[in-house]
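Pasting input.pdb here (PDB, C-alpha atoms):
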MODEL        1
ATOM      1  CA  MET A  57     -16.862  -3.633 -40.150
ATOM      2  CA  GLY A  58     -20.070  -3.026 -38.224
ATOM      3  CA  THR A  59     -21.090  -0.147 -36.018
ATOM      4  CA  VAL A  60     -21.845  -2.074 -32.851
ATOM      5  CA  GLY A  61     -21.538   0.015 -29.683
ATOM      6  CA  THR A  62     -20.498   3.289 -31.296
ATOM      7  CA  SER A  63     -23.191   5.459 -29.698
ATOM      8  CA  THR A  64     -22.289   8.087 -27.123
ATOM      9  CA  ASP A  65     -24.506   6.370 -24.535
ATOM     10  CA  GLU A  66     -22.738   3.056 -24.951
ATOM     11  CA  THR A  67     -19.254   4.483 -24.671
ATOM     12  CA  ALA A  68     -20.289   6.602 -21.679
ATOM     13  CA  GLY A  69     -21.573   3.425 -20.047
ATOM     14  CA  GLU A  70     -18.056   1.990 -20.042
ATOM     15  CA  ARG A  71     -16.820   4.683 -17.659
ATOM     16  CA  HIS A  72     -17.718   2.791 -14.477
ATOM     17  CA  GLN A  73     -15.735  -0.284 -15.509
ATOM     18  CA  LEU A  74     -12.776   1.768 -16.719
ATOM     19  CA  ILE A  75     -12.543   3.689 -13.424
ATOM     20  CA  ASN A  76     -12.528   0.377 -11.556
ATOM     21  CA  VAL A  77      -9.754  -1.015 -13.743
ATOM     22  CA  ALA A  78      -7.650   2.156 -13.586
ATOM     23  CA  TYR A  79      -7.870   2.524  -9.787
ATOM     24  CA  ARG A  80      -6.629  -1.009  -9.239
ATOM     25  CA  LEU A  81      -3.816  -0.420 -11.706
ATOM     26  CA  LEU A  82      -2.742   2.950 -10.299
ATOM     27  CA  GLY A  83      -3.894   3.037  -6.664
ATOM     28  CA  SER A  84      -4.998   6.637  -7.147
ATOM     29  CA  VAL A  85      -8.527   7.889  -7.719
ATOM     30  CA  THR A  86      -7.248  11.109  -9.281
ATOM     31  CA  GLU A  87      -4.860   9.353 -11.651
ATOM     32  CA  ALA A  88      -7.521   6.781 -12.533
ATOM     33  CA  GLU A  89      -9.956   9.555 -13.452
ATOM     34  CA  ASP A  90      -7.300  11.316 -15.531
ATOM     35  CA  ALA A  91      -6.402   8.087 -17.350
ATOM     36  CA  VAL A  92     -10.034   7.394 -18.224
ATOM     37  CA  GLN A  93     -10.569  10.995 -19.318
ATOM     38  CA  ASP A  94      -7.528  10.696 -21.564
ATOM     39  CA  ALA A  95      -8.885   7.482 -23.086
ATOM     40  CA  TYR A  96     -12.230   9.136 -23.838
ATOM     41  CA  ALA A  97     -10.463  12.156 -25.323
ATOM     42  CA  ARG A  98      -8.634   9.821 -27.700
ATOM     43  CA  TRP A  99     -11.895   8.073 -28.575
ATOM     44  CA  TYR A 100     -13.657  11.303 -29.457
ATOM     45  CA  GLY A 101     -10.534  12.460 -31.246
ATOM     46  CA  LEU A 102     -11.075   9.696 -33.803
ATOM     47  CA  SER A 103     -12.970  10.515 -36.948
ATOM     48  CA  ARG A 104     -16.587   9.374 -37.052
ATOM     49  CA  SER A 105     -15.784   6.859 -39.769
ATOM     50  CA  ARG A 106     -12.930   5.408 -37.685
ATOM     51  CA  ARG A 107     -15.187   5.054 -34.629
ATOM     52  CA  GLU A 108     -17.791   3.288 -36.737
ATOM     53  CA  GLU A 109     -15.166   0.733 -37.804
ATOM     54  CA  ILE A 110     -14.576  -0.304 -34.182
ATOM     55  CA  LEU A 111     -16.895  -3.182 -33.329
ATOM     56  CA  SER A 112     -16.304  -3.020 -29.560
ATOM     57  CA  PRO A 113     -15.748   0.515 -28.220
ATOM     58  CA  GLY A 114     -15.545  -0.921 -24.702
ATOM     59  CA  ALA A 115     -12.639  -3.171 -25.614
ATOM     60  CA  TRP A 116     -10.966  -0.285 -27.442
ATOM     61  CA  LEU A 117     -11.343   2.011 -24.424
ATOM     62  CA  THR A 118     -10.070  -0.699 -22.079
ATOM     63  CA  THR A 119      -6.996  -1.256 -24.238
ATOM     64  CA  VAL A 120      -6.225   2.460 -24.422
ATOM     65  CA  THR A 121      -6.850   2.980 -20.694
ATOM     66  CA  GLY A 122      -4.588   0.013 -19.930
ATOM     67  CA  ARG A 123      -1.804   1.446 -22.077
ATOM     68  CA  ILE A 124      -2.125   4.861 -20.426
ATOM     69  CA  CYS A 125      -1.950   3.220 -16.980
ATOM     70  CA  LEU A 126       1.037   1.142 -18.076
ATOM     71  CA  ASP A 127       2.874   4.326 -19.081
ATOM     72  CA  LEU A 128       1.979   5.957 -15.762
ATOM     73  CA  LEU A 129       3.172   2.924 -13.818
ATOM     74  CA  GLY A 130       6.441   3.004 -15.728
ATOM     75  CA  SER A 131       7.076   6.598 -14.693
ATOM     76  CA  ALA A 132       5.731   6.101 -11.159
ATOM     77  CA  ARG A 133       8.982   4.756  -9.776
ATOM     78  CA  ALA A 134      10.826   7.946 -10.657
ATOM     79  CA  ARG A 135       8.004  10.014  -9.190
ATOM     80  CA  ARG A 136       7.954   7.915  -6.022
ATOM     81  CA  GLU A 137      11.678   8.498  -5.571
ATOM     82  CA  ARG A 138      10.907  12.222  -5.293
ATOM     83  CA  TYR A 139       7.934  11.639  -2.994
ATOM     84  CA  VAL A 140       8.536  12.671   0.597
ATOM     85  CA  GLY A 141       8.235   9.613   2.822
ATOM     86  CA  ALA A 142       6.289   6.461   2.019
ATOM     87  CA  TRP A 143       3.713   6.401  -0.794
ATOM     88  CA  LEU A 144       0.414   4.647  -0.101
ATOM     89  CA  PRO A 145      -2.642   4.119  -2.314
ATOM     90  CA  GLU A 146      -5.510   6.564  -1.913
ATOM     91  CA  PRO A 147      -8.061   5.251   0.616
ATOM     92  CA  LEU A 148     -11.687   4.854  -0.444
ATOM     93  CA  PRO A 149     -14.707   5.656   1.737
ATOM     94  CA  ASP A 150     -17.941   3.691   1.699
ATOM     95  CA  ARG A 151     -20.578   6.096   0.423
ATOM     96  CA  THR A 152     -23.274   4.431   2.501
ATOM     97  CA  GLU A 153     -21.288   5.320   5.633
ATOM     98  CA  TRP A 154     -19.605   8.545   4.670
ATOM     99  CA  ASP A 155     -21.567  11.597   3.474
ATOM    100  CA  HIS A 156     -18.796  13.318   1.577
ATOM    101  CA  ALA A 157     -18.538  16.319  -0.672
ATOM    102  CA  GLY A 158     -18.184  16.064  -4.389
ATOM    103  CA  GLY A 159     -20.825  13.410  -4.922
ATOM    104  CA  ALA A 160     -21.162  14.960  -8.342
ATOM    105  CA  ASP A 161     -19.103  17.545 -10.161
ATOM    106  CA  LEU A 162     -20.362  20.642 -11.952
ATOM    107  CA  ALA A 163     -21.079  18.559 -15.057
ATOM    108  CA  GLY A 164     -23.305  16.247 -13.033
ATOM    109  CA  ARG A 165     -20.975  13.258 -13.180
ATOM    110  CA  ALA A 166     -20.616  11.003 -10.170
ATOM    111  CA  ASP A 167     -17.459  11.304  -8.118
ATOM    112  CA  PRO A 168     -15.050   8.658  -9.481
ATOM    113  CA  ALA A 169     -14.484   7.307  -5.960
ATOM    114  CA  ASP A 170     -18.194   6.456  -5.793
ATOM    115  CA  GLN A 171     -17.959   4.363  -8.955
ATOM    116  CA  ILE A 172     -15.347   1.970  -7.571
ATOM    117  CA  VAL A 173     -16.697  -1.400  -6.479
ATOM    118  CA  GLN A 174     -15.186  -2.212  -3.115
ATOM    119  CA  ASP A 175     -14.159  -5.842  -2.841
ATOM    120  CA  GLU A 176     -11.013  -7.700  -1.775
ATOM    121  CA  SER A 177      -9.166  -6.347  -4.816
ATOM    122  CA  VAL A 178      -9.242  -2.792  -3.425
ATOM    123  CA  ALA A 179      -8.330  -3.648   0.176
ATOM    124  CA  MET A 180      -5.261  -1.671   1.199
ATOM    125  CA  ALA A 181      -3.295  -4.856   1.905
ATOM    126  CA  PHE A 182      -3.999  -6.066  -1.635
ATOM    127  CA  LEU A 183      -3.144  -2.726  -3.256
ATOM    128  CA  VAL A 184       0.165  -2.630  -1.384
ATOM    129  CA  ILE A 185       1.007  -6.067  -2.797
ATOM    130  CA  LEU A 186       0.186  -4.773  -6.278
ATOM    131  CA  GLU A 187       2.728  -2.003  -5.690
ATOM    132  CA  SER A 188       5.465  -4.650  -5.411
ATOM    133  CA  MET A 189       4.812  -5.882  -8.948
ATOM    134  CA  THR A 190       6.414  -4.686 -12.141
ATOM    135  CA  PRO A 191       4.079  -2.539 -14.286
ATOM    136  CA  ALA A 192       3.594  -5.359 -16.793
ATOM    137  CA  GLU A 193       2.881  -7.907 -14.046
ATOM    138  CA  ARG A 194       0.348  -5.603 -12.456
ATOM    139  CA  VAL A 195      -1.499  -4.961 -15.709
ATOM    140  CA  ALA A 196      -1.567  -8.646 -16.663
ATOM    141  CA  PHE A 197      -2.683  -9.747 -13.189
ATOM    142  CA  VAL A 198      -5.350  -7.094 -12.641
ATOM    143  CA  LEU A 199      -6.878  -7.435 -16.097
ATOM    144  CA  HIS A 200      -6.886 -11.245 -16.048
ATOM    145  CA  ASP A 201      -7.272 -12.350 -12.427
ATOM    146  CA  VAL A 202      -9.453  -9.488 -11.199
ATOM    147  CA  PHE A 203     -11.457  -8.536 -14.301
ATOM    148  CA  ARG A 204     -11.220 -11.806 -16.259
ATOM    149  CA  TYR A 205     -10.049 -10.302 -19.528
ATOM    150  CA  PRO A 206      -8.593 -12.953 -21.877
ATOM    151  CA  PHE A 207      -4.850 -12.936 -22.458
ATOM    152  CA  ALA A 208      -5.428 -12.200 -26.153
ATOM    153  CA  GLU A 209      -6.874  -8.795 -25.186
ATOM    154  CA  ILE A 210      -4.216  -8.189 -22.536
ATOM    155  CA  ALA A 211      -1.565  -8.840 -25.188
ATOM    156  CA  ALA A 212      -2.878  -5.813 -27.093
ATOM    157  CA  VAL A 213      -2.379  -3.655 -23.995
ATOM    158  CA  LEU A 214       1.128  -4.869 -23.181
ATOM    159  CA  GLY A 215       2.363  -5.349 -26.730
ATOM    160  CA  ARG A 216       3.408  -8.925 -25.923
ATOM    161  CA  THR A 217       2.224 -12.376 -26.883
ATOM    162  CA  PRO A 218      -0.670 -13.973 -24.989
ATOM    163  CA  ALA A 219       1.756 -16.609 -23.697
ATOM    164  CA  ALA A 220       4.078 -13.924 -22.315
ATOM    165  CA  CYS A 221       1.120 -12.194 -20.649
ATOM    166  CA  LYS A 222       0.097 -15.485 -19.068
ATOM    167  CA  GLN A 223       3.591 -15.834 -17.604
ATOM    168  CA  LEU A 224       3.456 -12.288 -16.234
ATOM    169  CA  ALA A 225       0.135 -12.984 -14.516
ATOM    170  CA  ALA A 226       1.529 -16.214 -13.049
ATOM    171  CA  SER A 227       4.548 -14.356 -11.671
ATOM    172  CA  ALA A 228       2.276 -11.738 -10.114
ATOM    173  CA  ARG A 229       0.037 -14.453  -8.705
ATOM    174  CA  ARG A 230       2.970 -15.932  -6.808
ATOM    175  CA  ARG A 231       3.468 -12.597  -5.064
ATOM    176  CA  VAL A 232      -0.175 -12.545  -4.026
ATOM    177  CA  SER A 233      -0.182 -16.162  -2.871
ATOM    178  CA  VAL A 234       2.099 -15.359   0.051
ATOM    179  CA  ALA A 235      -0.631 -13.141   1.514
ATOM    180  CA  ARG A 236      -3.005 -14.717   4.027
ATOM    181  CA  ALA A 237      -6.703 -15.065   3.465
ATOM    182  CA  PRO A 238      -8.401 -12.199   5.347
ATOM    183  CA  ILE A 239     -10.163 -12.957   8.614
ATOM    184  CA  PRO A 240     -13.969 -12.502   8.714
ATOM    185  CA  ALA A 241     -15.142  -8.889   8.671
ATOM    186  CA  THR A 242     -16.801  -9.211  12.078
ATOM    187  CA  GLY A 243     -13.563 -10.324  13.755
ATOM    188  CA  ARG A 244     -11.612  -7.564  12.050
ATOM    189  CA  ALA A 245     -14.166  -4.962  13.118
ATOM    190  CA  ASP A 246     -13.914  -6.074  16.761
ATOM    191  CA  VAL A 247     -10.121  -5.703  16.732
ATOM    192  CA  VAL A 248     -10.298  -2.258  15.117
ATOM    193  CA  ARG A 249     -12.934  -1.163  17.637
ATOM    194  CA  HIS A 250     -10.711  -2.241  20.527
ATOM    195  CA  VAL A 251      -7.798  -0.316  18.978
ATOM    196  CA  LYS A 252     -10.014   2.767  18.781
ATOM    197  CA  GLU A 253     -11.019   2.464  22.436
ATOM    198  CA  ALA A 254      -7.433   1.948  23.628
ATOM    199  CA  TRP A 255      -6.205   4.844  21.484
ATOM    200  CA  GLU A 256      -8.899   7.168  22.848
ATOM    201  CA  THR A 257      -7.993   6.316  26.436
ATOM    202  CA  LYS A 258      -4.233   6.411  25.659
ATOM    203  CA  ASP A 259      -3.903   2.934  27.099
ATOM    204  CA  ILE A 260      -0.456   1.822  25.916
ATOM    205  CA  ALA A 261      -0.717  -1.598  27.554
ATOM    206  CA  ALA A 262      -4.021  -2.320  25.818
ATOM    207  CA  LEU A 263      -2.621  -1.170  22.475
ATOM    208  CA  VAL A 264       0.438  -3.379  22.870
ATOM    209  CA  GLY A 265      -1.877  -6.323  23.542
ATOM    210  CA  LEU A 266      -3.808  -5.598  20.338
ATOM    211  CA  LEU A 267      -0.725  -5.181  18.150
ATOM    212  CA  ASP A 268       1.375  -8.043  16.874
ATOM    213  CA  PRO A 269       4.926  -7.775  18.317
ATOM    214  CA  ALA A 270       6.217  -7.571  14.740
ATOM    215  CA  ALA A 271       3.547  -5.117  13.559
ATOM    216  CA  VAL A 272       4.511  -2.361  11.127
ATOM    217  CA  MET A 273       2.892   1.049  10.707
ATOM    218  CA  THR A 274       3.446   3.027   7.510
ATOM    219  CA  ALA A 275       2.305   6.635   7.203
ATOM    220  CA  ASP A 276       1.881   8.766   4.074
ATOM    221  CA  GLY A 277       2.002  12.521   4.524
ATOM    222  CA  GLY A 278       3.536  13.373   1.157
ATOM    223  CA  GLY A 279       5.611  16.097   2.757
ATOM    224  CA  MET A 280       2.433  18.154   3.198
ATOM    225  CA  VAL A 281       1.759  17.289   6.844
ATOM    226  CA  GLY A 282       3.951  16.073   9.643
ATOM    227  CA  THR A 283       4.350  12.329  10.002
ATOM    228  CA  VAL A 284       7.025   9.665  10.302
ATOM    229  CA  LEU A 285       8.999   9.291   7.077
ATOM    230  CA  HIS A 286       9.915   5.668   7.694
ATOM    231  CA  PRO A 287       7.778   2.726   8.895
ATOM    232  CA  VAL A 288       7.454   2.273  12.646
ATOM    233  CA  GLU A 289       8.236  -1.339  13.535
ATOM    234  CA  GLY A 290       7.204  -3.292  16.631
ATOM    235  CA  GLY A 291       3.940  -3.282  18.536
ATOM    236  CA  ALA A 292       5.364  -1.464  21.561
ATOM    237  CA  ARG A 293       6.872   1.354  19.468
ATOM    238  CA  ILE A 294       3.661   1.761  17.463
ATOM    239  CA  ALA A 295       1.583   1.952  20.657
ATOM    240  CA  GLN A 296       3.850   4.655  22.063
ATOM    241  CA  TYR A 297       3.689   6.588  18.799
ATOM    242  CA  MET A 298      -0.120   6.413  18.686
ATOM    243  CA  VAL A 299      -0.418   7.755  22.222
ATOM    244  CA  ALA A 300       2.077  10.509  21.427
ATOM    245  CA  ILE A 301      -0.125  11.543  18.495
ATOM    246  CA  ALA A 302      -3.157  11.708  20.778
ATOM    247  CA  ASP A 303      -1.205  13.849  23.259
ATOM    248  CA  ARG A 304      -0.194  16.307  20.529
ATOM    249  CA  ALA A 305      -3.698  16.557  19.038
ATOM    250  CA  PRO A 306      -6.260  17.344  21.744
ATOM    251  CA  GLY A 307      -9.808  17.082  20.467
ATOM    252  CA  LEU A 308      -8.938  14.326  17.992
ATOM    253  CA  GLU A 309     -12.073  12.310  17.228
ATOM    254  CA  LEU A 310     -11.878   8.713  16.035
ATOM    255  CA  LEU A 311     -14.604   7.215  13.862
ATOM    256  CA  GLU A 312     -15.085   3.602  12.814
ATOM    257  CA  CYS A 313     -15.515   3.538   9.033
ATOM    258  CA  SER A 314     -14.939   1.171   6.170
ATOM    259  CA  VAL A 315     -11.649   1.902   4.414
ATOM    260  CA  ASN A 316     -11.379   0.262   1.010
ATOM    261  CA  GLY A 317     -14.149  -2.107   1.975
ATOM    262  CA  VAL A 318     -12.813  -3.306   5.346
ATOM    263  CA  PRO A 319     -13.064  -1.887   8.886
ATOM    264  CA  GLY A 320     -10.765   1.061   9.525
ATOM    265  CA  LEU A 321     -10.520   4.319  11.456
ATOM    266  CA  VAL A 322     -10.850   7.957  10.517
ATOM    267  CA  ALA A 323      -9.277  10.612  12.745
ATOM    268  CA  GLN A 324     -10.753  14.061  12.481
ATOM    269  CA  ARG A 325     -10.258  17.302  14.346
ATOM    270  CA  GLY A 326     -12.724  20.139  14.257
ATOM    271  CA  GLY A 327     -14.679  18.243  11.617
ATOM    272  CA  ILE A 328     -11.651  18.009   9.309
ATOM    273  CA  VAL A 329     -10.337  14.590   8.385
ATOM    274  CA  MET A 330      -6.690  14.369   9.377
ATOM    275  CA  THR A 331      -5.920  10.663   8.911
ATOM    276  CA  VAL A 332      -7.513   7.584   7.383
ATOM    277  CA  ALA A 333      -6.097   4.345   8.765
ATOM    278  CA  ALA A 334      -6.402   0.882   7.234
ATOM    279  CA  PHE A 335      -5.535  -2.286   9.140
ATOM    280  CA  ASP A 336      -4.405  -5.813   8.414
ATOM    281  CA  VAL A 337      -5.386  -8.292  11.121
ATOM    282  CA  SER A 338      -4.285 -11.841  11.868
ATOM    283  CA  ASP A 339      -5.051 -14.020  14.891
ATOM    284  CA  GLU A 340      -6.983 -11.154  16.512
ATOM    285  CA  ARG A 341      -3.973  -8.849  16.391
ATOM    286  CA  VAL A 342      -3.096  -5.957  14.111
ATOM    287  CA  THR A 343      -0.136  -6.809  11.895
ATOM    288  CA  ARG A 344      -0.088  -3.744   9.625
ATOM    289  CA  ILE A 345      -1.365  -0.184   9.841
ATOM    290  CA  TRP A 346      -1.427   2.113   6.825
ATOM    291  CA  ALA A 347      -2.117   5.715   7.831
ATOM    292  CA  VAL A 348      -2.839   8.126   4.979
ATOM    293  CA  ARG A 349      -2.414  11.770   5.985
ATOM    294  CA  ASN A 350      -1.653  13.459   2.654
ATOM    295  CA  PRO A 351      -4.586  15.920   2.277
ATOM    296  CA  GLU A 352      -4.632  15.442  -1.488
ATOM    297  CA  LYS A 353      -5.434  11.759  -0.964
ATOM    298  CA  LEU A 354      -8.219  12.500   1.525
ATOM    299  CA  ARG A 355     -10.467  14.572  -0.747
ATOM    300  CA  PRO A 356     -13.137  11.847  -1.048
ATOM    301  CA  TRP A 357     -13.377  11.939   2.773
ATOM    302  CA  THR A 358     -14.231  15.649   2.969
ATOM    303  CA  ARG A 359     -17.677  16.107   4.397
ATOM    304  CA  GLU A 360     -20.232  18.371   2.775
ATOM    305  CA  GLY A 361     -20.676  21.834   4.155
TER
ENDMDL
END
In structure tokens, write the structure found in this file.
Amino acid sequence: MGTVGTSTDETAGERHQLINVAYRLLGSVTEAEDAVQDAYARWYGLSRSRREEILSPGAWLTTVTGRICLDLLGSARARRERYVGAWLPEPLPDRTEWDHAGGADLAGRADPADQIVQDESVAMAFLVILESMTPAERVAFVLHDVFRYPFAEIAAVLGRTPAACKQLAASARRRVSVARAPIPATGRADVVRHVKEAWETKDIAALVGLLDPAAVMTADGGGMVGTVLHPVEGGARIAQYMVAIADRAPGLELLECSVNGVPGLVAQRGGIVMTVAAFDVSDERVTRIWAVRNPEKLRPWTREG
């Protein structure tokens, strides 16, 4: 076999793509980084002659990363059962908006969160749908529908036939098809801005008017900070809860920021990020709120200094 793509520079160049794949598969920046690091460790653990036999190091690294993520997804359910409260994906800041710490680590590598392309496939609403899939469905769907890998390559990740992988992706696609097409970013931003203004003024009536009557708010504190352990259902109840939070946290500052590529809010107190909230909007009303409060999931939002 040839030696195409076996240089260190070429394999290092795959890192950006692998981080993007792993985050969509796992919903965690930290776990995505660990999975990619593990894949590279296995690559460099091969003998030089074995590496030279591999014609496409990128495909090899993708396959190994996919298998590592598949194993992690398989064990995630047990880990989630021990998780305190609801588990939500880690929110991503937009680097152009948010000057955060850790832009590069001590080795000079970019923060993995900065390497993730933010499109509709990382929106919180989309990631939550991915959480409803089986591990195999999620891998098949993300690799094929999001990254356009052929089913022949996905079969190597899942250890199944290409036909079986095609069926898995189709099953996952049906789950996604029930989701609405997102409203334009400008309309979403206006709704989120009005929510911010009503929250700041503790205007319950205005909040109720902005929330769908059947809206649901899910919060993730991971047992590390105080928050509701179960989803809050109903626009009126959510509005009352939001005002209660404002009453208990004087000095809370709300900032409009992109969260996973769509308009969201960041709540900070004394310069410390306390909550990152993502929204789903339909017909000019908020239908879902995902509030991430677990400090371990907010590290990319920590400002420098």
Decode the PyMOL selection byres ((chain A and resi 221) around 12) for the given file into explicit residues and return them as a PDB file with C-alpha atoms, in the coordinates of the input.
ATOM      1  CA  PRO A 191       4.079  -2.539 -14.286  1.00  0.00           C
ATOM      2  CA  ALA A 192       3.594  -5.359 -16.793  1.00  0.00           C
ATOM      3  CA  GLU A 193       2.881  -7.907 -14.046  1.00  0.00           C
ATOM      4  CA  ARG A 194       0.348  -5.603 -12.456  1.00  0.00           C
ATOM      5  CA  VAL A 195      -1.499  -4.961 -15.709  1.00  0.00           C
ATOM      6  CA  ALA A 196      -1.567  -8.646 -16.663  1.00  0.00           C
ATOM      7  CA  PHE A 197      -2.683  -9.747 -13.189  1.00  0.00           C
ATOM      8  CA  VAL A 198      -5.350  -7.094 -12.641  1.00  0.00           C
ATOM      9  CA  LEU A 199      -6.878  -7.435 -16.097  1.00  0.00           C
ATOM     10  CA  HIS A 200      -6.886 -11.245 -16.048  1.00  0.00           C
ATOM     11  CA  ASP A 201      -7.272 -12.350 -12.427  1.00  0.00           C
ATOM     12  CA  TYR A 205     -10.049 -10.302 -19.528  1.00  0.00           C
ATOM     13  CA  PRO A 206      -8.593 -12.953 -21.877  1.00  0.00           C
ATOM     14  CA  PHE A 207      -4.850 -12.936 -22.458  1.00  0.00           C
ATOM     15  CA  ALA A 208      -5.428 -12.200 -26.153  1.00  0.00           C
ATOM     16  CA  GLU A 209      -6.874  -8.795 -25.186  1.00  0.00           C
ATOM     17  CA  ILE A 210      -4.216  -8.189 -22.536  1.00  0.00           C
ATOM     18  CA  ALA A 211      -1.565  -8.840 -25.188  1.00  0.00           C
ATOM     19  CA  ALA A 212      -2.878  -5.813 -27.093  1.00  0.00           C
ATOM     20  CA  VAL A 213      -2.379  -3.655 -23.995  1.00  0.00           C
ATOM     21  CA  LEU A 214       1.128  -4.869 -23.181  1.00  0.00           C
ATOM     22  CA  GLY A 215       2.363  -5.349 -26.730  1.00  0.00           C
ATOM     23  CA  ARG A 216       3.408  -8.925 -25.923  1.00  0.00           C
ATOM     24  CA  THR A 217       2.224 -12.376 -26.883  1.00  0.00           C
ATOM     25  CA  PRO A 218      -0.670 -13.973 -24.989  1.00  0.00           C
ATOM     26  CA  ALA A 219       1.756 -16.609 -23.697  1.00  0.00           C
ATOM     27  CA  ALA A 220       4.078 -13.924 -22.315  1.00  0.00           C
ATOM     28  CA  LYS A 222       0.097 -15.485 -19.068  1.00  0.00           C
ATOM     29  CA  GLN A 223       3.591 -15.834 -17.604  1.00  0.00           C
ATOM     30  CA  LEU A 224       3.456 -12.288 -16.234  1.00  0.00           C
ATOM     31  CA  ALA A 225       0.135 -12.984 -14.516  1.00  0.00           C
ATOM     32  CA  ALA A 226       1.529 -16.214 -13.049  1.00  0.00           C
ATOM     33  CA  SER A 227       4.548 -14.356 -11.671  1.00  0.00           C
ATOM     34  CA  ALA A 228       2.276 -11.738 -10.114  1.00  0.00           C
TER      35      ALA A 228
END
With only C-alpha atoms as the basis for distance, which of A:Asn316, A:Gln93, A:Thr343, A:Ser105 is at the shortest distance from Ile124 (chain A)?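 Using only C-alpha atoms, the shortest distance to Ile124 (chain A) belongs to A:Gln93.
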Residue members of the PyMOL selection byres ((chain A and resi 84) around 12) in the file shown, as a ChimeraX atom specification: /A:75-83,85-91,125,128-129,132,143-148,168-169,172,178,180,183,187,352-356
Test item: residues at most 12 Å from Gly277 (chain A), only C-alpha atoms, excluding those fewer than 6 positions along its chain, as a PyMOL selection string: chain A and resi 139-146+283-286+330-332+346-354
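Across the structure, CA of Leu117 (chain A) and CA of Met189 (chain A) are spaced 23.7 Å apart.
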Mind telling me what the PyMOL selection byres ((chain A and resi 248-262) around 8) catches here, as a PDB file with C-alpha atoms, in the frame of the given file?
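The resulting out-v8.pdb:
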ATOM      1  CA  ARG A 244     -11.612  -7.564  12.050  1.00  0.00           C
ATOM      2  CA  ALA A 245     -14.166  -4.962  13.118  1.00  0.00           C
ATOM      3  CA  ASP A 246     -13.914  -6.074  16.761  1.00  0.00           C
ATOM      4  CA  VAL A 247     -10.121  -5.703  16.732  1.00  0.00           C
ATOM      5  CA  LEU A 263      -2.621  -1.170  22.475  1.00  0.00           C
ATOM      6  CA  VAL A 264       0.438  -3.379  22.870  1.00  0.00           C
ATOM      7  CA  GLY A 265      -1.877  -6.323  23.542  1.00  0.00           C
ATOM      8  CA  LEU A 266      -3.808  -5.598  20.338  1.00  0.00           C
ATOM      9  CA  ALA A 292       5.364  -1.464  21.561  1.00  0.00           C
ATOM     10  CA  ALA A 295       1.583   1.952  20.657  1.00  0.00           C
ATOM     11  CA  GLN A 296       3.850   4.655  22.063  1.00  0.00           C
ATOM     12  CA  MET A 298      -0.120   6.413  18.686  1.00  0.00           C
ATOM     13  CA  VAL A 299      -0.418   7.755  22.222  1.00  0.00           C
ATOM     14  CA  ALA A 302      -3.157  11.708  20.778  1.00  0.00           C
ATOM     15  CA  LEU A 310     -11.878   8.713  16.035  1.00  0.00           C
ATOM     16  CA  GLU A 312     -15.085   3.602  12.814  1.00  0.00           C
ATOM     17  CA  PRO A 319     -13.064  -1.887   8.886  1.00  0.00           C
ATOM     18  CA  GLY A 320     -10.765   1.061   9.525  1.00  0.00           C
ATOM     19  CA  LEU A 321     -10.520   4.319  11.456  1.00  0.00           C
ATOM     20  CA  PHE A 335      -5.535  -2.286   9.140  1.00  0.00           C
TER      21      PHE A 335
END
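Picture a line from CA of Ser188 (chain A) to CA of Gln174 (chain A); it runs 20.9 Å.
With distances restricted to only C-alpha atoms, A:Arg341 is the closest residue to Gly291 (chain A) from A:Arg229, A:Arg341, A:Arg133, A:Arg107.
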Counting only C-alpha atoms, which of A:Pro287, A:Asp339, A:Asp150, A:Arg344 gets nearest to Val315 (chain A)?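 Using only C-alpha atoms, Val315 (chain A) sits closest to A:Asp150.
We find CA of Asp167 (chain A) and CA of Leu311 (chain A) to be spaced 22.5 Å apart.
In terms of minimum interatomic distance to Arg123 (chain A), A:Ala95 ranks closest within A:Ile345, A:Cys313, A:Ala323, A:Ala95, counting only C-alpha atoms.
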For Thr358 (chain A), the closest of A:Val184, A:Val322, A:Val342, A:Ala333 counting all atoms listed in the file is A:Val322
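If you measure from each of A:Thr121, A:Thr152, A:Gln73, A:Thr67 to Ser314 (chain A) using only C-alpha atoms, the closest one turns out to be A:Thr152.
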Region 172-191 of chain A, all listed atoms, 8 Å padding on each side: what axis-aligned box centre and edge lengths in Å to one decimal come out, as AutoDock Vina command-line options?
--center_x -5.1 --center_y -2.9 --center_z -6.2 --size_x 39.1 --size_y 25.7 --size_z 32.2
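Near Gly307 (chain A), within 10 Å and counting all atoms listed in the file, sit A:Ala302, A:Asp303, A:Arg304, A:Leu310, A:Gln324, A:Arg325, A:Gly326, not including residues fewer than 3 positions from it in the same chain.
Every protein or nucleic acid residue with an atom no more than 7 Å from Ala179 (chain A), counting only C-alpha atoms and leaving out same-chain residues fewer than 2 positions away, appears here: Asp175, Glu176, Ser177, Ala181, Phe182, Leu183, Asn316, Gly317 and Val318 of chain A.
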